[in-house]
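For reference, entry.pdb (PDB, C-alpha atoms and all ligand atoms):
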MODEL        1
ATOM      1  CA  MET N   1      -4.732  -1.340  16.534
ATOM      2  CA  LEU N   2      -6.050   1.576  18.551
ATOM      3  CA  GLU N   3      -6.664   0.933  22.188
ATOM      4  CA  ILE N   4      -8.512   3.498  24.228
ATOM      5  CA  ASP N   5      -8.053   2.509  27.817
ATOM      6  CA  SER N   6     -10.218   4.045  30.514
ATOM      7  CA  VAL N   7      -9.927   7.588  29.141
ATOM      8  CA  SER N   8     -11.569  10.402  31.099
ATOM      9  CA  VAL N   9     -11.822  14.028  30.066
ATOM     10  CA  ASP N  10     -13.047  16.945  32.151
ATOM     11  CA  TYR N  11     -13.753  20.521  31.144
ATOM     12  CA  LEU N  12     -12.205  22.404  34.008
ATOM     13  CA  VAL N  13     -14.715  25.210  34.217
ATOM     14  CA  ALA N  14     -16.336  26.662  37.345
ATOM     15  CA  GLU N  15     -18.470  23.549  37.637
ATOM     16  CA  PRO N  16     -16.286  20.900  36.015
ATOM     17  CA  VAL N  17     -17.986  18.857  33.285
ATOM     18  CA  HIS N  18     -17.066  15.180  33.209
ATOM     19  CA  ALA N  19     -17.465  14.942  29.450
ATOM     20  CA  VAL N  20     -15.812  11.533  28.958
ATOM     21  CA  ARG N  21     -15.871   9.004  31.782
ATOM     22  CA  LYS N  22     -13.534   6.039  31.751
ATOM     23  CA  VAL N  23     -14.124   5.091  28.148
ATOM     24  CA  SER N  24     -12.442   1.937  26.884
ATOM     25  CA  LEU N  25     -12.681   0.955  23.237
ATOM     26  CA  THR N  26     -10.578  -1.101  20.878
ATOM     27  CA  LEU N  27     -10.456  -0.380  17.183
ATOM     28  CA  HIS N  28      -9.483  -3.406  15.122
ATOM     29  CA  ARG N  29      -7.428  -3.288  11.971
ATOM     30  CA  GLY N  30      -9.508  -2.304   8.962
ATOM     31  CA  GLU N  31     -12.856  -2.111  10.748
ATOM     32  CA  VAL N  32     -15.425   0.660  10.717
ATOM     33  CA  LEU N  33     -16.351   1.471  14.301
ATOM     34  CA  GLY N  34     -19.375   3.708  14.656
ATOM     35  CA  LEU N  35     -19.709   5.938  17.699
ATOM     36  CA  ALA N  36     -23.305   6.967  18.247
ATOM     37  CA  GLY N  37     -24.989   9.165  20.795
ATOM     38  CA  GLU N  38     -26.959  12.336  21.234
ATOM     39  CA  SER N  39     -25.496  15.773  21.015
ATOM     40  CA  GLY N  40     -23.462  16.555  24.120
ATOM     41  CA  CYS N  41     -22.732  12.954  25.100
ATOM     42  CA  GLY N  42     -18.995  13.456  24.628
ATOM     43  CA  LYS N  43     -18.295  11.969  21.196
ATOM     44  CA  SER N  44     -16.264  14.867  19.866
ATOM     45  CA  THR N  45     -14.440  15.305  23.143
ATOM     46  CA  LEU N  46     -13.378  11.665  22.960
ATOM     47  CA  ALA N  47     -12.176  12.074  19.361
ATOM     48  CA  TYR N  48     -10.169  15.143  20.293
ATOM     49  CA  ALA N  49      -8.744  13.314  23.298
ATOM     50  CA  VAL N  50      -7.592  10.397  21.148
ATOM     51  CA  THR N  51      -5.786  12.728  18.777
ATOM     52  CA  ARG N  52      -4.635  14.959  21.626
ATOM     53  CA  LEU N  53      -6.150  18.008  20.015
ATOM     54  CA  LEU N  54      -8.020  19.021  23.158
ATOM     55  CA  LYS N  55      -7.454  22.538  24.312
ATOM     56  CA  PRO N  56      -7.981  24.009  27.798
ATOM     57  CA  PRO N  57     -10.288  24.066  29.683
ATOM     58  CA  ALA N  58     -10.464  20.432  28.539
ATOM     59  CA  ALA N  59      -8.039  18.087  30.247
ATOM     60  CA  ILE N  60      -7.429  14.375  29.989
ATOM     61  CA  VAL N  61      -7.732  13.328  33.610
ATOM     62  CA  GLY N  62      -7.250   9.599  33.245
ATOM     63  CA  GLY N  63      -6.457   6.674  30.993
ATOM     64  CA  ARG N  64      -4.273   6.254  27.959
ATOM     65  CA  VAL N  65      -4.434   5.643  24.240
ATOM     66  CA  LEU N  66      -2.188   3.064  22.640
ATOM     67  CA  PHE N  67      -1.572   2.756  18.937
ATOM     68  CA  HIS N  68      -0.303  -0.521  17.511
ATOM     69  CA  SER N  69       1.517   0.185  14.286
ATOM     70  CA  ARG N  70       1.626  -2.079  11.230
ATOM     71  CA  GLU N  71       5.238  -2.705  12.136
ATOM     72  CA  GLY N  72       4.188  -4.114  15.495
ATOM     73  CA  HIS N  73       5.179  -1.233  17.784
ATOM     74  CA  ALA N  74       2.909  -0.018  20.561
ATOM     75  CA  ILE N  75       2.954   3.757  20.866
ATOM     76  CA  ASP N  76       1.485   5.526  23.887
ATOM     77  CA  LEU N  77       0.042   8.718  22.414
ATOM     78  CA  GLY N  78       0.491  10.419  25.762
ATOM     79  CA  ASN N  79       4.237  10.229  25.249
ATOM     80  CA  LEU N  80       4.207  12.046  21.910
ATOM     81  CA  HIS N  81       4.784  15.772  21.812
ATOM     82  CA  GLY N  82       5.331  18.607  19.362
ATOM     83  CA  GLU N  83       6.568  17.547  15.941
ATOM     84  CA  ASP N  84       6.302  13.838  16.706
ATOM     85  CA  LEU N  85       2.683  14.231  17.615
ATOM     86  CA  ARG N  86       1.897  16.323  14.538
ATOM     87  CA  ALA N  87       3.626  13.859  12.239
ATOM     88  CA  PHE N  88       1.839  10.991  13.898
ATOM     89  CA  ARG N  89      -1.516  12.639  13.333
ATOM     90  CA  TRP N  90      -1.228  12.854   9.582
ATOM     91  CA  ASP N  91       0.772   9.734   9.094
ATOM     92  CA  LYS N  92      -0.975   7.167  11.260
ATOM     93  CA  ILE N  93      -4.249   8.722  12.332
ATOM     94  CA  ALA N  94      -5.882  11.201  10.011
ATOM     95  CA  MET N  95      -8.983  13.188  10.824
ATOM     96  CA  VAL N  96     -11.936  14.711   9.079
ATOM     97  CA  PHE N  97     -13.917  16.843  11.449
ATOM     98  CA  GLN N  98     -17.328  18.399  11.384
ATOM     99  CA  GLY N  99     -17.330  21.284   8.952
ATOM    100  CA  ALA N 100     -13.854  20.322   7.782
ATOM    101  CA  MET N 101     -14.692  21.482   4.294
ATOM    102  CA  ASN N 102     -14.741  25.007   5.612
ATOM    103  CA  SER N 103     -11.226  24.683   6.925
ATOM    104  CA  LEU N 104      -9.698  24.768   3.454
ATOM    105  CA  ASN N 105      -7.888  28.032   2.971
ATOM    106  CA  PRO N 106     -10.108  30.098   0.632
ATOM    107  CA  VAL N 107      -7.261  31.967  -1.057
ATOM    108  CA  ILE N 108      -5.068  28.968  -1.845
ATOM    109  CA  ARG N 109      -5.653  26.635  -4.784
ATOM    110  CA  ILE N 110      -6.595  23.031  -4.030
ATOM    111  CA  ARG N 111      -3.339  21.876  -5.644
ATOM    112  CA  ASP N 112      -1.184  23.850  -3.250
ATOM    113  CA  GLN N 113      -3.143  22.754  -0.210
ATOM    114  CA  LEU N 114      -2.788  19.096  -1.172
ATOM    115  CA  GLU N 115       0.848  19.434  -2.112
ATOM    116  CA  ASP N 116       1.532  21.167   1.157
ATOM    117  CA  VAL N 117       0.783  17.924   3.027
ATOM    118  CA  PHE N 118       3.514  16.215   1.017
ATOM    119  CA  THR N 119       5.956  19.105   1.292
ATOM    120  CA  THR N 120       5.584  19.066   5.064
ATOM    121  CA  HIS N 121       5.490  15.347   5.717
ATOM    122  CA  ARG N 122       7.318  13.833   2.754
ATOM    123  CA  PRO N 123      10.016  16.420   2.058
ATOM    124  CA  ASP N 124      12.004  13.904   0.034
ATOM    125  CA  LEU N 125       9.385  13.816  -2.741
ATOM    126  CA  ASP N 126      10.206  15.903  -5.794
ATOM    127  CA  ARG N 127       7.740  18.386  -7.233
ATOM    128  CA  ARG N 128       6.570  16.153 -10.063
ATOM    129  CA  THR N 129       5.812  13.289  -7.704
ATOM    130  CA  ARG N 130       3.940  15.616  -5.379
ATOM    131  CA  ARG N 131       1.839  16.824  -8.288
ATOM    132  CA  ARG N 132       1.135  13.342  -9.532
ATOM    133  CA  ARG N 133       0.178  12.134  -6.062
ATOM    134  CA  SER N 134      -2.131  15.109  -5.552
ATOM    135  CA  ALA N 135      -3.922  14.372  -8.820
ATOM    136  CA  GLU N 136      -4.203  10.689  -7.904
ATOM    137  CA  LEU N 137      -5.660  11.578  -4.538
ATOM    138  CA  LEU N 138      -8.369  13.720  -6.060
ATOM    139  CA  GLU N 139      -9.240  11.015  -8.536
ATOM    140  CA  ARG N 140      -9.395   8.537  -5.717
ATOM    141  CA  VAL N 141     -12.110  10.505  -3.948
ATOM    142  CA  GLY N 142     -14.051  11.087  -7.144
ATOM    143  CA  VAL N 143     -13.028  14.653  -7.945
ATOM    144  CA  ASP N 144     -11.788  15.507 -11.424
ATOM    145  CA  PRO N 145      -8.044  16.320 -11.177
ATOM    146  CA  ASP N 146      -8.803  19.409 -13.304
ATOM    147  CA  ARG N 147     -10.065  20.820 -10.050
ATOM    148  CA  LEU N 148      -6.532  21.027  -8.726
ATOM    149  CA  SER N 149      -6.305  24.555 -10.038
ATOM    150  CA  SER N 150      -9.592  25.623  -8.419
ATOM    151  CA  TYR N 151     -10.029  27.671  -5.307
ATOM    152  CA  PRO N 152     -12.199  26.147  -2.560
ATOM    153  CA  HIS N 153     -15.113  28.519  -3.203
ATOM    154  CA  GLU N 154     -15.344  27.238  -6.762
ATOM    155  CA  LEU N 155     -16.211  23.767  -5.487
ATOM    156  CA  SER N 156     -19.478  22.503  -4.032
ATOM    157  CA  GLY N 157     -19.637  21.547  -0.355
ATOM    158  CA  GLY N 158     -19.552  17.870  -1.271
ATOM    159  CA  MET N 159     -16.457  18.326  -3.405
ATOM    160  CA  ARG N 160     -14.712  20.282  -0.688
ATOM    161  CA  GLN N 161     -15.448  17.552   1.778
ATOM    162  CA  ARG N 162     -14.024  15.016  -0.697
ATOM    163  CA  VAL N 163     -10.893  17.142  -0.922
ATOM    164  CA  MET N 164     -10.608  17.010   2.861
ATOM    165  CA  ILE N 165     -10.920  13.231   2.741
ATOM    166  CA  ALA N 166      -8.246  13.151   0.027
ATOM    167  CA  MET N 167      -5.950  15.192   2.266
ATOM    168  CA  ALA N 168      -6.617  12.897   5.194
ATOM    169  CA  LEU N 169      -5.688   9.899   3.037
ATOM    170  CA  ALA N 170      -2.581  11.523   1.559
ATOM    171  CA  LEU N 171      -0.075   9.722   3.745
ATOM    172  CA  ASP N 172      -1.836   6.361   3.781
ATOM    173  CA  PRO N 173      -2.944   6.428   7.423
ATOM    174  CA  GLN N 174      -3.980   3.338   9.332
ATOM    175  CA  VAL N 175      -6.861   5.068  11.064
ATOM    176  CA  LEU N 176      -9.312   7.633   9.763
ATOM    177  CA  LEU N 177     -11.218   9.457  12.454
ATOM    178  CA  MET N 178     -14.364  11.110  11.164
ATOM    179  CA  ASP N 179     -16.557  13.320  13.299
ATOM    180  CA  GLU N 180     -19.879  14.111  11.598
ATOM    181  CA  PRO N 181     -18.021  14.402   8.281
ATOM    182  CA  THR N 182     -21.112  14.552   6.116
ATOM    183  CA  THR N 183     -23.686  16.139   8.390
ATOM    184  CA  ALA N 184     -23.667  19.472   6.597
ATOM    185  CA  LEU N 185     -24.257  17.883   3.200
ATOM    186  CA  ASP N 186     -27.512  16.933   1.569
ATOM    187  CA  VAL N 187     -28.514  13.305   1.745
ATOM    188  CA  VAL N 188     -27.630  12.341  -1.832
ATOM    189  CA  VAL N 189     -24.155  13.848  -1.642
ATOM    190  CA  GLN N 190     -23.653  12.328   1.792
ATOM    191  CA  ARG N 191     -24.535   8.888   0.456
ATOM    192  CA  GLU N 192     -22.176   9.225  -2.514
ATOM    193  CA  ILE N 193     -19.318  10.191  -0.235
ATOM    194  CA  LEU N 194     -19.993   7.316   2.126
ATOM    195  CA  GLN N 195     -20.045   4.855  -0.748
ATOM    196  CA  GLU N 196     -16.727   6.244  -1.913
ATOM    197  CA  LEU N 197     -15.330   5.963   1.589
ATOM    198  CA  THR N 198     -16.490   2.381   1.921
ATOM    199  CA  ARG N 199     -14.823   1.510  -1.367
ATOM    200  CA  LEU N 200     -11.593   3.237  -0.363
ATOM    201  CA  ARG N 201     -11.516   1.457   2.941
ATOM    202  CA  GLU N 202     -11.812  -1.879   1.207
ATOM    203  CA  GLU N 203      -9.101  -0.892  -1.251
ATOM    204  CA  LEU N 204      -6.656   0.665   1.205
ATOM    205  CA  GLY N 205      -7.467  -1.207   4.403
ATOM    206  CA  PHE N 206      -7.520   1.659   6.881
ATOM    207  CA  ALA N 207      -9.775   1.488   9.942
ATOM    208  CA  VAL N 208     -12.425   4.123  10.522
ATOM    209  CA  VAL N 209     -13.931   5.624  13.648
ATOM    210  CA  PHE N 210     -17.107   7.254  12.425
ATOM    211  CA  ILE N 211     -18.820   9.587  14.859
ATOM    212  CA  THR N 212     -22.378  10.745  14.346
ATOM    213  CA  HIS N 213     -25.726  11.087  16.058
ATOM    214  CA  ASP N 214     -27.204   9.463  12.934
ATOM    215  CA  LEU N 215     -27.701   5.887  14.063
ATOM    216  CA  PRO N 216     -29.392   4.664  10.842
ATOM    217  CA  LEU N 217     -26.353   5.814   8.916
ATOM    218  CA  LEU N 218     -24.032   4.004  11.300
ATOM    219  CA  LEU N 219     -26.045   0.812  10.961
ATOM    220  CA  GLU N 220     -25.346   0.943   7.259
ATOM    221  CA  ILE N 221     -21.645   1.561   7.290
ATOM    222  CA  SER N 222     -20.254   0.150  10.538
ATOM    223  CA  ASP N 223     -18.892  -3.226  11.499
ATOM    224  CA  ARG N 224     -19.403  -2.444  15.174
ATOM    225  CA  ILE N 225     -21.223   0.347  16.921
ATOM    226  CA  ALA N 226     -20.554   1.850  20.326
ATOM    227  CA  VAL N 227     -23.369   3.812  21.914
ATOM    228  CA  MET N 228     -22.323   6.675  24.120
ATOM    229  CA  ARG N 229     -24.371   8.413  26.747
ATOM    230  CA  GLU N 230     -23.353  11.041  29.255
ATOM    231  CA  GLY N 231     -19.688  10.369  28.722
ATOM    232  CA  ARG N 232     -19.871   6.593  28.932
ATOM    233  CA  ILE N 233     -20.071   3.770  26.424
ATOM    234  CA  VAL N 234     -23.282   2.032  27.418
ATOM    235  CA  GLU N 235     -23.261  -0.661  24.751
ATOM    236  CA  ILE N 236     -20.982  -1.953  22.033
ATOM    237  CA  ALA N 237     -21.873  -4.673  19.579
ATOM    238  CA  ASP N 238     -21.587  -5.575  15.942
ATOM    239  CA  ALA N 239     -24.018  -3.470  13.963
ATOM    240  CA  ARG N 240     -26.433  -6.244  13.192
ATOM    241  CA  THR N 241     -26.677  -7.410  16.796
ATOM    242  CA  LEU N 242     -27.098  -3.864  17.992
ATOM    243  CA  TYR N 243     -30.013  -3.464  15.629
ATOM    244  CA  THR N 244     -31.692  -6.829  16.129
ATOM    245  CA  ASP N 245     -30.918  -7.431  19.784
ATOM    246  CA  PRO N 246     -30.084  -4.212  21.623
ATOM    247  CA  GLN N 247     -29.343  -4.804  25.291
ATOM    248  CA  HIS N 248     -29.327  -1.385  26.852
ATOM    249  CA  GLU N 249     -32.536   0.570  27.361
ATOM    250  CA  TYR N 250     -30.874   3.659  25.951
ATOM    251  CA  THR N 251     -29.899   1.852  22.747
ATOM    252  CA  LYS N 252     -33.488   0.682  22.393
ATOM    253  CA  ALA N 253     -34.762   4.212  22.895
ATOM    254  CA  LEU N 254     -32.264   5.543  20.401
ATOM    255  CA  LEU N 255     -33.337   2.975  17.805
ATOM    256  CA  ARG N 256     -36.975   3.867  18.381
ATOM    257  CA  SER N 257     -36.213   7.527  17.906
ATOM    258  CA  PHE N 258     -35.462   6.905  14.231
ATOM    259  CA  PRO N 259     -38.801   6.015  12.612
ATOM    260  CA  SER N 260     -36.972   5.215   9.374
ATOM    261  CA  LEU N 261     -35.545   2.136  11.076
ATOM    262  CA  THR N 262     -38.930   0.576  11.537
ATOM    263  CA  GLY N 263     -39.941   0.713   7.864
ATOM    264  CA  THR N 264     -38.469  -0.876   4.776
ATOM    265  CA  ARG N 265     -35.082   0.455   3.905
ATOM    266  CA  GLY N 266     -33.032   0.392   0.789
ATOM    267  CA  ASP N 267     -29.934  -1.690   0.308
ATOM    268  CA  PHE N 268     -27.071  -1.311   2.658
ATOM    269  CA  ILE N 269     -24.076   0.489   1.302
ATOM    270  CA  ARG N 270     -21.833  -2.322   2.375
ATOM    271  CA  THR N 271     -22.961  -5.527   0.791
ATOM    272  CA  GLY N 272     -21.098  -8.389  -0.798
ATOM    273  CA  ALA N 273     -17.347  -8.868  -0.635
ATOM    274  CA  GLY N 274     -15.591  -7.314   2.273
ATOM    275  CA  ALA N 275     -18.708  -6.577   4.227
ATOM    276  CA  GLY N 276     -17.729  -9.250   6.720
ATOM    277  CA  PRO N 277     -20.231 -10.568   9.218
ATOM    278  CA  ARG N 278     -22.872  -8.102   8.148
ATOM    279  CA  GLU N 279     -23.152  -9.309   4.589
ATOM    280  CA  ASN N 280     -26.803 -10.153   4.828
ATOM    281  CA  VAL N 281     -27.890  -7.437   7.125
ATOM    282  CA  GLU N 282     -29.926  -5.673   4.477
ATOM    283  CA  VAL N 283     -32.336  -8.587   4.619
ATOM    284  CA  ALA N 284     -33.074  -7.720   8.204
ATOM    285  CA  LEU N 285     -34.027  -4.159   7.464
TER     286      LEU N 285
HETATM  287  N1  LIG N 301     -15.346  24.293  26.167
HETATM  288  C1  LIG N 301     -16.202  23.622  26.957
HETATM  289  N2  LIG N 301     -16.370  23.995  28.237
HETATM  290  C2  LIG N 301     -17.213  23.325  29.035
HETATM  291  N3  LIG N 301     -17.925  22.249  28.680
HETATM  292  C3  LIG N 301     -17.793  21.812  27.418
HETATM  293  C4  LIG N 301     -16.933  22.472  26.480
HETATM  294  N4  LIG N 301     -17.013  21.822  25.300
HETATM  295  C5  LIG N 301     -17.887  20.809  25.485
HETATM  296  N5  LIG N 301     -18.351  20.791  26.764
HETATM  297  C6  LIG N 301     -19.308  19.840  27.348
HETATM  298  O1  LIG N 301     -18.779  18.528  27.235
HETATM  299  C7  LIG N 301     -19.828  17.608  26.959
HETATM  300  C8  LIG N 301     -19.481  16.798  25.719
HETATM  301  O2  LIG N 301     -19.472  17.618  24.561
HETATM  302  P1  LIG N 301     -19.105  17.073  23.123
HETATM  303  O3  LIG N 301     -19.050  18.237  22.199
HETATM  304  O4  LIG N 301     -17.935  16.193  23.209
HETATM  305  O5  LIG N 301     -20.381  16.177  22.772
HETATM  306  P2  LIG N 301     -20.811  15.555  21.380
HETATM  307  O6  LIG N 301     -21.461  14.277  21.724
HETATM  308  O7  LIG N 301     -19.668  15.514  20.459
HETATM  309  O8  LIG N 301     -21.891  16.583  20.882
HETATM  310  P3  LIG N 301     -22.113  17.174  19.412
HETATM  311  O9  LIG N 301     -22.574  16.034  18.594
HETATM  312  O10 LIG N 301     -23.159  18.228  19.636
HETATM  313  O11 LIG N 301     -20.790  17.735  18.982
HETATM  314  C9  LIG N 301     -21.100  18.421  26.831
HETATM  315  O12 LIG N 301     -21.783  18.343  28.052
HETATM  316  C10 LIG N 301     -20.618  19.815  26.587
HETATM  317  O13 LIG N 301     -21.519  20.763  27.080
ENDMDL
END

Do you think you could lay out the structure here as structure tokens?
Ligand SMILES: Nc1ncnc2c1ncn2[C@@H]1O[C@H](COP(=O)(O)OP(=O)(O)OP(=O)(O)O)[C@@H](O)[C@H]1O
Amino acid sequence: MLEIDSVSVDYLVAEPVHAVRKVSLTLHRGEVLGLAGESGCGKSTLAYAVTRLLKPPAAIVGGRVLFHSREGHAIDLGNLHGEDLRAFRWDKIAMVFQGAMNSLNPVIRIRDQLEDVFTTHRPDLDRRTRRRRSAELLERVGVDPDRLSSYPHELSGGMRQRVMIAMALALDPQVLLMDEPTTALDVVVQREILQELTRLREELGFAVVFITHDLPLLLEISDRIAVMREGRIVEIADARTLYTDPQHEYTKALLRSFPSLTGTRGDFIRTGAGAGPRENVEVAL
């Protein structure tokens, strides 16, 4: 559904940085694709390149990104500009970035920020429908709709991040791109949000690109995992294979760098129906 084809990104500074080097990746319909790698390996740059949110000095110097819509059209994101590109971003590919919860406007109530997505992108909806949808969205991500009248500072970090996820899901996107969406949250809250996300994905069928340096977390939630190093994808495999039979030395080193992976771990978040080929993976850990 999303085809990243040999994409390269440079930061055109005095000594140009080749942040992303000929990366090719395919995201399948409804899958969770984890993108792992150490800080600085180019994960965020790749995410920004896919959504064309890169700003100078960054420049896409090669490759293309194709999006295959539910309706069967192939759209070259490089050909979208201005309004079309903005609409596309909310509608088809939605994003939750690192620290997104801090991007809520502090002086505007949650209700108005949610409704604003509908006002902008679904201008045909009447006010009552917008309100109803906003309440439904909050409920969907596990936030009491009473919170619609709150200001962001009245909510915990976890709740604010849930609101951001609600906003990202507002227009029923096909792809959700998440860059370290829970890193700033404590482990319990992070886990709750990921469980919610997993449930929503099964319910709504969107695909997820989940970017984090936290490989153990990716092993729990991903169908496939791509490992990135110095701007390149060095290995991609389904999560179980990556864990049990890593091929690349760097993947092995990365796995070893998380002591938690060598001990006994709790249940995987994704077990049972819908977990696909990884249904029994928790046995392996
Ligand atoms: N504005 C910039 N100018 C020059 N180089 C940059 C700029 N932004 C990022 N880079 C470089 O591009 C490379 C990739 O950075 P990027 O932020 O994409 O990595 P990352 O894997 O997402 O790291 P993190 O997890 O810390 O966000 C790094 O070497 C970084 O130093």

From N:Ile211, N:Gly205, N:Ala100, N:Leu125, residue lying nearest Arg160 of chain N [all atoms listed in the file] = N:Ala100

Within 7 Å of ligand LIG 301 (chain N), counting all atoms listed in the file, which protein or nucleic acid residues do you find, written as a PyMOL selection string?
-> chain N and resi 11+13+17+19+37-46+57-58+212-213

Sel. within 9 Å of pt (-9.0, 23.8, -3.9), counting only C-alpha atoms, output as a VMD selection string = chain N and resid 104 to 114 147 to 155 160 163

From atom CA of Ala168 of chain N to atom CA of Thr120 of chain N the spacing works out at 13.7 Å

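Of note, atom CA of Gly158 of chain N and atom CA of Pro216 of chain N are spaced 20.4 Å apart.
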
Non-local contacts of Met101 of chain N (7 Å; only C-alpha atoms; under 2 positions in same chain excluded) as a list of chain:residue names =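 Counting only C-alpha atoms, the residues come to N:Gly99, N:Ser103, N:Leu104, N:Gly157, N:Arg160, N:Gln161, N:Met164.
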
Spatial neighbours of Leu169 of chain N, 12 Å, all atoms listed in the file, chain gap at least 6 places, as a ChimeraX atom specification | /N:89-96,114,117-118,133-134,136-138,140-141,162-163,175-178,197,200-201,204-208

Let me know the residues the PyMOL selection byres (((chain N and resi 237) around 7) and not hetatm) catches in the file above, as an mmCIF file with C-alpha atoms, in the frame of the given file.
data_model
loop_
_atom_site.group_PDB
_atom_site.id
_atom_site.type_symbol
_atom_site.label_atom_id
_atom_site.label_comp_id
_atom_site.auth_asym_id
_atom_site.auth_seq_id
_atom_site.Cartn_x
_atom_site.Cartn_y
_atom_site.Cartn_z
ATOM 1 C CA ARG N 224 -19.403 -2.444 15.174
ATOM 2 C CA ILE N 225 -21.223 0.347 16.921
ATOM 3 C CA ALA N 226 -20.554 1.850 20.326
ATOM 4 C CA GLU N 235 -23.261 -0.661 24.751
ATOM 5 C CA ILE N 236 -20.982 -1.953 22.033
ATOM 6 C CA ASP N 238 -21.587 -5.575 15.942
ATOM 7 C CA ALA N 239 -24.018 -3.470 13.963
ATOM 8 C CA THR N 241 -26.677 -7.410 16.796
ATOM 9 C CA LEU N 242 -27.098 -3.864 17.992
#

For Gly142 of chain N, which residue among N:Ile193, N:Met1, N:Ser8, N:Met228 is the nearest when counting all atoms listed in the file?
->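 For Gly142 of chain N, the nearest of the given residues is N:Ile193.
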
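The nearest approach to Ile75 of chain N among the residues N:Ile4, N:Leu217, N:Met159, N:Lys55, with only C-alpha atoms taken into account, belongs to N:Ile4.
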
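Distances to Thr182 of chain N were evaluated for N:Glu3, N:Leu215, N:Val65, N:Phe97 using only C-alpha atoms, and the minimum falls at N:Phe97.
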
Measure the distance from atom CA of Gly78 of chain N to atom CA of Leu25 of chain N in Å and round it to one decimal.
-> 16.4 Å

Of the residues N:Tyr250, N:Phe67, N:Tyr48, N:Tyr243, which is the one nearest to Leu219 of chain N, using all atoms listed in the file?
-> N:Tyr243

Between N:Val32, N:Ile165, N:Ala14, N:Ala170, which one has atoms that come closest to Thr119 of chain N, using only C-alpha atoms?
->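 Smallest distance to Thr119 of chain N is found for N:Ala170.
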
Please provide the set of residues having any atom within 9 Å of His248 of chain N, restricted to all atoms listed in the file, with same-chain residues fewer than 4 positions apart removed, written as an MDAnalysis selection string.
-> chainID N and resid 234:235 252:253

Next, write the just-selected residues to a file, as an mmCIF file, keeping the file's coordinate frame, keeping C-alpha atoms as the atom set.
data_model
loop_
_atom_site.group_PDB
_atom_site.id
_atom_site.type_symbol
_atom_site.label_atom_id
_atom_site.label_comp_id
_atom_site.auth_asym_id
_atom_site.auth_seq_id
_atom_site.Cartn_x
_atom_site.Cartn_y
_atom_site.Cartn_z
ATOM 1 C CA VAL N 234 -23.282 2.032 27.418
ATOM 2 C CA GLU N 235 -23.261 -0.661 24.751
ATOM 3 C CA LYS N 252 -33.488 0.682 22.393
ATOM 4 C CA ALA N 253 -34.762 4.212 22.895
#

The PyMOL selection byres (((chain N and resi 23) around 9) and not hetatm) resolved against shown file, as a VMD selection string | chain N and resid 4 to 8 20 to 22 24 to 25 46 63 231 to 233

Take every atom of segment 185-194 of chain N listed in the file, pad by 6 Å on each side, and give me the axis-aligned box centre and edge lengths in Å, one decimal, as lines of an AutoDock Vina configuration file.
center_x = -23.9
center_y = 12.6
center_z = 0.3
size_x = 21.2
size_y = 22.6
size_z = 17.7
